[in-house]
>>> print(open('run-v3.cif').read())   # mmCIF, N, CA and C atoms
data_input
#
loop_
_atom_site.label_atom_id
_atom_site.label_comp_id
_atom_site.auth_asym_id
_atom_site.auth_seq_id
_atom_site.Cartn_x
_atom_site.Cartn_y
_atom_site.Cartn_z
N MET R 215 -16.13 49.25 -69.68
CA MET R 215 -16.38 47.83 -69.71
C MET R 215 -17.88 47.63 -69.88
N THR R 216 -18.21 46.80 -70.82
CA THR R 216 -19.62 46.55 -71.10
C THR R 216 -20.19 45.59 -70.07
N PRO R 217 -21.52 45.58 -69.94
CA PRO R 217 -22.13 44.66 -68.97
C PRO R 217 -21.84 43.19 -69.29
N GLU R 218 -21.71 42.85 -70.58
CA GLU R 218 -21.41 41.45 -70.93
C GLU R 218 -19.99 41.08 -70.49
N GLU R 219 -19.05 41.99 -70.71
CA GLU R 219 -17.67 41.71 -70.29
C GLU R 219 -17.58 41.60 -68.77
N LYS R 220 -18.34 42.46 -68.11
CA LYS R 220 -18.35 42.43 -66.65
C LYS R 220 -18.90 41.10 -66.14
N GLU R 221 -19.96 40.64 -66.76
CA GLU R 221 -20.56 39.35 -66.38
C GLU R 221 -19.60 38.21 -66.66
N ALA R 222 -18.90 38.25 -67.78
CA ALA R 222 -17.93 37.19 -68.12
C ALA R 222 -16.77 37.20 -67.12
N LEU R 223 -16.33 38.38 -66.71
CA LEU R 223 -15.26 38.49 -65.73
C LEU R 223 -15.69 37.89 -64.39
N PHE R 224 -16.90 38.21 -63.93
CA PHE R 224 -17.39 37.65 -62.67
C PHE R 224 -17.54 36.14 -62.74
N ARG R 225 -17.99 35.62 -63.90
CA ARG R 225 -18.10 34.17 -64.07
C ARG R 225 -16.72 33.52 -64.00
N SER R 226 -15.75 34.14 -64.64
CA SER R 226 -14.38 33.59 -64.62
C SER R 226 -13.81 33.60 -63.20
N LEU R 227 -14.02 34.68 -62.48
CA LEU R 227 -13.54 34.76 -61.11
C LEU R 227 -14.22 33.73 -60.21
N GLU R 228 -15.50 33.50 -60.43
CA GLU R 228 -16.22 32.49 -59.65
C GLU R 228 -15.69 31.09 -59.96
N GLU R 229 -15.41 30.82 -61.23
CA GLU R 229 -14.85 29.51 -61.59
C GLU R 229 -13.47 29.31 -60.98
N ILE R 230 -12.67 30.37 -60.95
CA ILE R 230 -11.34 30.28 -60.33
C ILE R 230 -11.48 30.02 -58.84
N ARG R 231 -12.41 30.70 -58.17
CA ARG R 231 -12.62 30.50 -56.74
C ARG R 231 -13.04 29.07 -56.44
N ILE R 232 -13.95 28.53 -57.25
CA ILE R 232 -14.43 27.16 -57.05
C ILE R 232 -13.29 26.17 -57.27
N ALA R 233 -12.47 26.41 -58.30
CA ALA R 233 -11.35 25.51 -58.58
C ALA R 233 -10.32 25.52 -57.45
N ILE R 234 -10.06 26.69 -56.88
CA ILE R 234 -9.10 26.78 -55.78
C ILE R 234 -9.63 26.08 -54.54
N GLN R 235 -10.92 26.26 -54.25
CA GLN R 235 -11.50 25.60 -53.08
C GLN R 235 -11.52 24.10 -53.25
N ALA R 236 -11.73 23.61 -54.47
CA ALA R 236 -11.81 22.17 -54.71
C ALA R 236 -10.44 21.51 -54.58
N SER R 237 -9.40 22.17 -55.02
CA SER R 237 -8.08 21.53 -55.02
C SER R 237 -7.37 21.64 -53.67
N GLN R 238 -7.56 22.74 -52.94
CA GLN R 238 -6.89 22.98 -51.66
C GLN R 238 -5.41 22.59 -51.72
N PRO R 239 -4.59 23.34 -52.42
CA PRO R 239 -3.18 22.98 -52.54
C PRO R 239 -2.47 23.02 -51.20
N GLY R 240 -1.56 22.07 -51.03
CA GLY R 240 -0.76 22.04 -49.82
C GLY R 240 -1.38 21.33 -48.66
N GLY R 241 -2.45 20.59 -48.84
CA GLY R 241 -3.08 19.90 -47.74
C GLY R 241 -2.30 18.70 -47.25
N GLU R 242 -1.40 18.17 -48.09
CA GLU R 242 -0.67 16.96 -47.73
C GLU R 242 0.40 17.22 -46.67
N TYR R 243 1.04 18.34 -46.73
CA TYR R 243 2.15 18.59 -45.83
C TYR R 243 1.74 19.31 -44.55
N LYS R 244 0.49 19.71 -44.43
CA LYS R 244 0.09 20.48 -43.25
C LYS R 244 0.21 19.67 -41.96
N ALA R 245 -0.09 18.38 -42.00
CA ALA R 245 0.02 17.55 -40.80
C ALA R 245 1.47 17.49 -40.33
N ILE R 246 2.40 17.33 -41.25
CA ILE R 246 3.81 17.29 -40.88
C ILE R 246 4.27 18.66 -40.41
N LEU R 247 3.83 19.69 -41.10
CA LEU R 247 4.22 21.05 -40.73
C LEU R 247 3.74 21.41 -39.34
N TYR R 248 2.54 21.02 -38.97
CA TYR R 248 2.01 21.33 -37.66
C TYR R 248 2.58 20.42 -36.58
N SER R 249 3.07 19.24 -36.93
CA SER R 249 3.60 18.33 -35.92
C SER R 249 5.04 18.65 -35.53
N ILE R 250 5.77 19.39 -36.35
CA ILE R 250 7.17 19.68 -36.04
C ILE R 250 7.31 20.46 -34.73
N PRO R 251 6.56 21.54 -34.48
CA PRO R 251 6.72 22.23 -33.18
C PRO R 251 6.29 21.36 -32.01
N ILE R 252 5.27 20.55 -32.19
CA ILE R 252 4.81 19.68 -31.11
C ILE R 252 5.89 18.68 -30.73
N VAL R 253 6.49 18.06 -31.74
CA VAL R 253 7.56 17.10 -31.48
C VAL R 253 8.76 17.81 -30.84
N GLY R 254 9.07 19.02 -31.30
CA GLY R 254 10.18 19.76 -30.71
C GLY R 254 9.94 20.09 -29.25
N ILE R 255 8.72 20.48 -28.90
CA ILE R 255 8.40 20.80 -27.51
C ILE R 255 8.48 19.54 -26.64
N ILE R 256 7.93 18.45 -27.13
CA ILE R 256 7.98 17.20 -26.37
C ILE R 256 9.43 16.75 -26.18
N PHE R 257 10.24 16.82 -27.25
CA PHE R 257 11.64 16.43 -27.15
C PHE R 257 12.38 17.33 -26.16
N GLY R 258 12.11 18.62 -26.19
CA GLY R 258 12.77 19.54 -25.27
C GLY R 258 12.42 19.24 -23.82
N TRP R 259 11.15 18.96 -23.54
CA TRP R 259 10.75 18.63 -22.17
C TRP R 259 11.37 17.32 -21.71
N LEU R 260 11.43 16.33 -22.61
CA LEU R 260 12.07 15.06 -22.25
C LEU R 260 13.55 15.26 -21.97
N LEU R 261 14.20 16.06 -22.77
CA LEU R 261 15.62 16.34 -22.56
C LEU R 261 15.84 17.01 -21.21
N LEU R 262 15.01 18.02 -20.89
CA LEU R 262 15.15 18.68 -19.60
C LEU R 262 14.85 17.74 -18.43
N PHE R 263 13.83 16.90 -18.60
CA PHE R 263 13.48 15.96 -17.53
C PHE R 263 14.64 15.03 -17.24
N PHE R 264 15.22 14.42 -18.28
CA PHE R 264 16.31 13.49 -18.06
C PHE R 264 17.58 14.19 -17.60
N LEU R 265 17.79 15.43 -18.00
CA LEU R 265 18.94 16.19 -17.53
C LEU R 265 18.83 16.43 -16.03
N PHE R 266 17.67 16.90 -15.58
CA PHE R 266 17.50 17.15 -14.16
C PHE R 266 17.47 15.83 -13.37
N PHE R 267 16.93 14.76 -13.92
CA PHE R 267 16.92 13.47 -13.25
C PHE R 267 18.35 12.96 -13.07
N TRP R 268 19.17 13.09 -14.12
CA TRP R 268 20.56 12.67 -14.04
C TRP R 268 21.31 13.50 -13.01
N TRP R 269 21.06 14.81 -12.99
CA TRP R 269 21.71 15.68 -12.03
C TRP R 269 21.34 15.29 -10.59
N TYR R 270 20.06 14.96 -10.39
CA TYR R 270 19.59 14.53 -9.07
C TYR R 270 20.26 13.23 -8.65
N ARG R 271 20.30 12.26 -9.57
CA ARG R 271 20.92 10.97 -9.24
C ARG R 271 22.42 11.13 -8.95
N GLN R 272 23.09 12.00 -9.67
CA GLN R 272 24.50 12.26 -9.44
C GLN R 272 24.70 12.87 -8.06
N ARG R 273 23.85 13.83 -7.69
CA ARG R 273 23.96 14.45 -6.38
C ARG R 273 23.75 13.42 -5.26
N MET R 274 22.75 12.56 -5.42
CA MET R 274 22.47 11.56 -4.40
C MET R 274 23.63 10.58 -4.26
N ALA R 275 24.25 10.21 -5.37
CA ALA R 275 25.41 9.31 -5.31
C ALA R 275 26.59 9.98 -4.62
N ILE R 276 26.80 11.26 -4.86
CA ILE R 276 27.90 11.98 -4.21
C ILE R 276 27.65 12.07 -2.70
N ILE R 277 26.38 12.33 -2.33
CA ILE R 277 26.04 12.43 -0.90
C ILE R 277 26.21 11.08 -0.23
N LYS R 278 25.77 10.00 -0.87
CA LYS R 278 25.91 8.66 -0.27
C LYS R 278 27.37 8.27 -0.12
N ALA R 279 28.21 8.72 -1.05
CA ALA R 279 29.63 8.40 -0.96
C ALA R 279 30.35 9.28 0.06
N GLY R 280 29.68 10.30 0.58
CA GLY R 280 30.28 11.18 1.57
C GLY R 280 31.24 12.19 0.98
N LEU R 281 31.13 12.47 -0.29
CA LEU R 281 32.03 13.40 -0.96
C LEU R 281 31.41 14.76 -1.23
N TYR R 282 30.25 15.02 -0.66
CA TYR R 282 29.54 16.27 -0.97
C TYR R 282 30.23 17.46 -0.32
N GLN R 283 30.43 18.50 -1.11
CA GLN R 283 30.94 19.76 -0.60
C GLN R 283 30.02 20.86 -1.08
N LYS R 284 29.69 21.75 -0.17
CA LYS R 284 28.81 22.85 -0.53
C LYS R 284 29.52 23.76 -1.53
N GLU R 285 28.78 24.14 -2.59
CA GLU R 285 29.36 24.99 -3.62
C GLU R 285 29.33 26.44 -3.16
N LYS R 286 30.42 27.14 -3.44
CA LYS R 286 30.46 28.56 -3.12
C LYS R 286 29.81 29.34 -4.26
N PHE R 287 29.04 30.34 -3.88
CA PHE R 287 28.41 31.21 -4.88
C PHE R 287 28.76 32.65 -4.56
N ASP R 288 29.49 33.28 -5.44
CA ASP R 288 29.92 34.66 -5.23
C ASP R 288 28.94 35.58 -5.96
N LEU R 289 28.00 36.15 -5.20
CA LEU R 289 26.98 37.02 -5.77
C LEU R 289 27.59 38.27 -6.39
N ARG R 290 28.64 38.77 -5.76
CA ARG R 290 29.27 39.99 -6.27
C ARG R 290 29.87 39.76 -7.65
N LEU R 291 30.61 38.67 -7.84
CA LEU R 291 31.22 38.36 -9.13
C LEU R 291 30.15 38.03 -10.18
N TYR R 292 29.12 37.32 -9.75
CA TYR R 292 28.03 36.98 -10.65
C TYR R 292 27.33 38.25 -11.14
N SER R 293 27.12 39.21 -10.25
CA SER R 293 26.47 40.46 -10.65
C SER R 293 27.36 41.24 -11.62
N PHE R 294 28.68 41.13 -11.47
CA PHE R 294 29.58 41.83 -12.39
C PHE R 294 29.44 41.26 -13.81
N PHE R 295 29.53 39.94 -13.95
CA PHE R 295 29.46 39.36 -15.28
C PHE R 295 28.07 39.54 -15.90
N LEU R 296 27.03 39.33 -15.12
CA LEU R 296 25.68 39.53 -15.65
C LEU R 296 25.43 41.00 -15.99
N GLY R 297 25.97 41.90 -15.18
CA GLY R 297 25.84 43.33 -15.46
C GLY R 297 26.53 43.72 -16.75
N LEU R 298 27.73 43.17 -16.99
CA LEU R 298 28.43 43.46 -18.25
C LEU R 298 27.63 42.97 -19.46
N ILE R 299 27.14 41.75 -19.37
CA ILE R 299 26.38 41.18 -20.49
C ILE R 299 25.13 42.01 -20.77
N LEU R 300 24.35 42.29 -19.72
CA LEU R 300 23.12 43.05 -19.91
C LEU R 300 23.37 44.47 -20.38
N THR R 301 24.45 45.10 -19.91
CA THR R 301 24.75 46.46 -20.34
C THR R 301 25.07 46.50 -21.83
N PHE R 302 25.92 45.60 -22.30
CA PHE R 302 26.29 45.63 -23.71
C PHE R 302 25.14 45.19 -24.61
N VAL R 303 24.33 44.23 -24.16
CA VAL R 303 23.14 43.86 -24.94
C VAL R 303 22.17 45.03 -24.99
N GLY R 304 21.99 45.70 -23.88
CA GLY R 304 21.10 46.86 -23.85
C GLY R 304 21.57 47.99 -24.75
N ILE R 305 22.88 48.24 -24.77
CA ILE R 305 23.42 49.28 -25.65
C ILE R 305 23.17 48.90 -27.11
N ALA R 306 23.47 47.64 -27.46
CA ALA R 306 23.29 47.22 -28.85
C ALA R 306 21.82 47.30 -29.27
N LEU R 307 20.92 46.84 -28.41
CA LEU R 307 19.49 46.90 -28.75
C LEU R 307 18.99 48.33 -28.83
N SER R 308 19.43 49.18 -27.91
CA SER R 308 18.99 50.57 -27.93
C SER R 308 19.44 51.28 -29.20
N VAL R 309 20.69 51.11 -29.55
CA VAL R 309 21.20 51.74 -30.77
C VAL R 309 20.46 51.22 -32.00
N THR R 310 20.25 49.92 -32.05
CA THR R 310 19.55 49.33 -33.20
C THR R 310 18.12 49.85 -33.29
N PHE R 311 17.40 49.87 -32.17
CA PHE R 311 16.02 50.35 -32.21
C PHE R 311 15.93 51.83 -32.57
N ILE R 312 16.88 52.62 -32.08
CA ILE R 312 16.87 54.05 -32.40
C ILE R 312 17.15 54.25 -33.89
N LEU R 313 18.11 53.51 -34.44
CA LEU R 313 18.43 53.67 -35.87
C LEU R 313 17.31 53.17 -36.78
N VAL R 314 16.67 52.07 -36.39
CA VAL R 314 15.65 51.48 -37.25
C VAL R 314 14.30 52.15 -37.07
N LEU R 315 13.86 52.34 -35.83
CA LEU R 315 12.51 52.82 -35.57
C LEU R 315 12.44 54.26 -35.07
N GLY R 316 13.57 54.86 -34.80
CA GLY R 316 13.54 56.21 -34.26
C GLY R 316 13.16 56.19 -32.79
N LYS R 317 12.83 57.35 -32.27
CA LYS R 317 12.46 57.43 -30.86
C LYS R 317 11.01 56.97 -30.71
N SER R 318 10.87 55.75 -30.14
CA SER R 318 9.53 55.19 -29.94
C SER R 318 9.57 54.31 -28.68
N LEU R 319 8.45 53.69 -28.39
CA LEU R 319 8.39 52.80 -27.23
C LEU R 319 9.23 51.55 -27.42
N ALA R 320 9.62 51.25 -28.65
CA ALA R 320 10.46 50.08 -28.90
C ALA R 320 11.82 50.23 -28.24
N MET R 321 12.22 51.47 -27.94
CA MET R 321 13.50 51.69 -27.27
C MET R 321 13.53 51.02 -25.90
N LEU R 322 12.37 50.79 -25.30
CA LEU R 322 12.34 50.12 -24.00
C LEU R 322 12.94 48.73 -24.07
N GLY R 323 12.86 48.10 -25.24
CA GLY R 323 13.46 46.78 -25.41
C GLY R 323 14.97 46.80 -25.23
N GLY R 324 15.59 47.93 -25.40
CA GLY R 324 17.01 48.05 -25.16
C GLY R 324 17.33 48.77 -23.87
N LEU R 325 16.48 49.72 -23.48
CA LEU R 325 16.77 50.50 -22.27
C LEU R 325 16.56 49.70 -20.99
N ILE R 326 15.65 48.74 -21.01
CA ILE R 326 15.40 47.93 -19.80
C ILE R 326 16.61 47.06 -19.48
N PRO R 327 17.16 46.27 -20.44
CA PRO R 327 18.37 45.52 -20.08
C PRO R 327 19.57 46.44 -19.79
N LEU R 328 19.63 47.59 -20.45
CA LEU R 328 20.71 48.53 -20.18
C LEU R 328 20.63 49.03 -18.73
N GLY R 329 19.46 49.42 -18.29
CA GLY R 329 19.30 49.88 -16.91
C GLY R 329 19.55 48.78 -15.90
N THR R 330 19.10 47.58 -16.20
CA THR R 330 19.34 46.45 -15.30
C THR R 330 20.83 46.14 -15.20
N GLY R 331 21.50 46.15 -16.34
CA GLY R 331 22.94 45.89 -16.34
C GLY R 331 23.71 46.96 -15.58
N LEU R 332 23.33 48.22 -15.78
CA LEU R 332 24.00 49.28 -15.04
C LEU R 332 23.74 49.17 -13.54
N GLY R 333 22.54 48.75 -13.17
CA GLY R 333 22.23 48.54 -11.75
C GLY R 333 23.08 47.43 -11.15
N LEU R 334 23.27 46.35 -11.91
CA LEU R 334 24.10 45.25 -11.40
C LEU R 334 25.56 45.68 -11.30
N LEU R 335 26.02 46.48 -12.25
CA LEU R 335 27.40 46.98 -12.17
C LEU R 335 27.57 47.93 -10.98
N CYS R 336 26.56 48.72 -10.68
CA CYS R 336 26.61 49.59 -9.49
C CYS R 336 26.65 48.74 -8.23
N TYR R 337 25.87 47.66 -8.19
CA TYR R 337 25.91 46.76 -7.03
C TYR R 337 27.31 46.18 -6.86
N TYR R 338 27.92 45.77 -7.97
CA TYR R 338 29.27 45.22 -7.90
C TYR R 338 30.26 46.26 -7.37
N LYS R 339 30.13 47.49 -7.83
CA LYS R 339 31.07 48.55 -7.45
C LYS R 339 30.94 48.90 -5.98
N TRP R 340 29.72 48.99 -5.47
CA TRP R 340 29.52 49.50 -4.10
C TRP R 340 29.21 48.42 -3.07
N SER R 341 29.19 47.15 -3.45
CA SER R 341 28.93 46.11 -2.46
C SER R 341 30.22 45.84 -1.69
N PRO R 342 30.09 45.46 -0.42
CA PRO R 342 31.32 45.22 0.38
C PRO R 342 32.03 43.95 -0.09
N ARG R 343 33.36 44.04 -0.10
CA ARG R 343 34.17 42.87 -0.49
C ARG R 343 34.28 41.93 0.71
N LYS R 344 34.34 40.66 0.42
CA LYS R 344 34.44 39.68 1.51
C LYS R 344 35.87 39.39 1.87
#
>>> encode(input="run-v3.cif", output="structure tokens")
Amino acid sequence: MTPEEKEALFRSLEEIRIAIQASQPGGEYKAILYSIPIVGIIFGWLLLFFLFFWWYRQRMAIIKAGLYQKEKFDLRLYSFFLGLILTFVGIALSVTFILVLGKSLAMLGGLIPLGTGLGLLCYYKWSPRK
């Protein structure tokens, strides 16, 4: 490449850079694009606020009417279902990470829920029945 061609190429590249900086394509939609997550977060918080507010008002109305009954919570049964879910999710994630990435630290993403699920299933198996 001759020095003249090299100079012409650099001039062309500089003109292209100046043209790109002057036009800034896509500037019109950036405000809308950046506002979508903000609106989603605000809407989510409002939804949660009104959900918990409605739940609170419902509880107070039940208590005032004298119809409140304490809810039973079976920790043993809850640990069984949560243990099953976590075990199968952990198996699926572990197999996927091993097939895709091989043996690496990414396997922890599957082994942690797998171990937690197995621990909950052990609790279910060996906890005393009521």
>>> select_by_dssp(input="run-v3.cif", residues="region 228-342 of chain R", states="alpha helix (DSSP H)", output="VMD selection string")
chain R and resid 228 to 237 244 to 279 289 to 315 322 to 340
>>> resolve_selection(input="run-v3.cif", expression="the PyMOL selection byres ((chain R and resi 333-342) around 6.5)", output="VMD selection string")
chain R and resid 290 293 to 294 296 to 298 328 to 332 343 to 344
>>> atom_distance(input="run-v3.cif", atom1="atom C of Ser308 (chain R)", atom2="atom N of Leu322 (chain R)")
8.1 Å
>>> atom_distance(input="run-v3.cif", atom1="atom N of Phe257 (chain R)", atom2="atom C of Arg271 (chain R)")
22.7 Å
>>> closest_residue(input="run-v3.cif", among="R:Ile305, R:Glu228, R:Ala279, R:Leu313", to="Leu325 (chain R)", atoms="all atoms listed in the file")
R:Ile305
>>> atom_distance(input="run-v3.cif", atom1="CA of Gly323 (chain R)", atom2="CA of Phe302 (chain R)")
13.0 Å
>>> closest_residue(input="run-v3.cif", among="R:Met215, R:Val253, R:Leu265, R:Pro327", to="Ile299 (chain R)", atoms="only C-alpha atoms")
R:Pro327
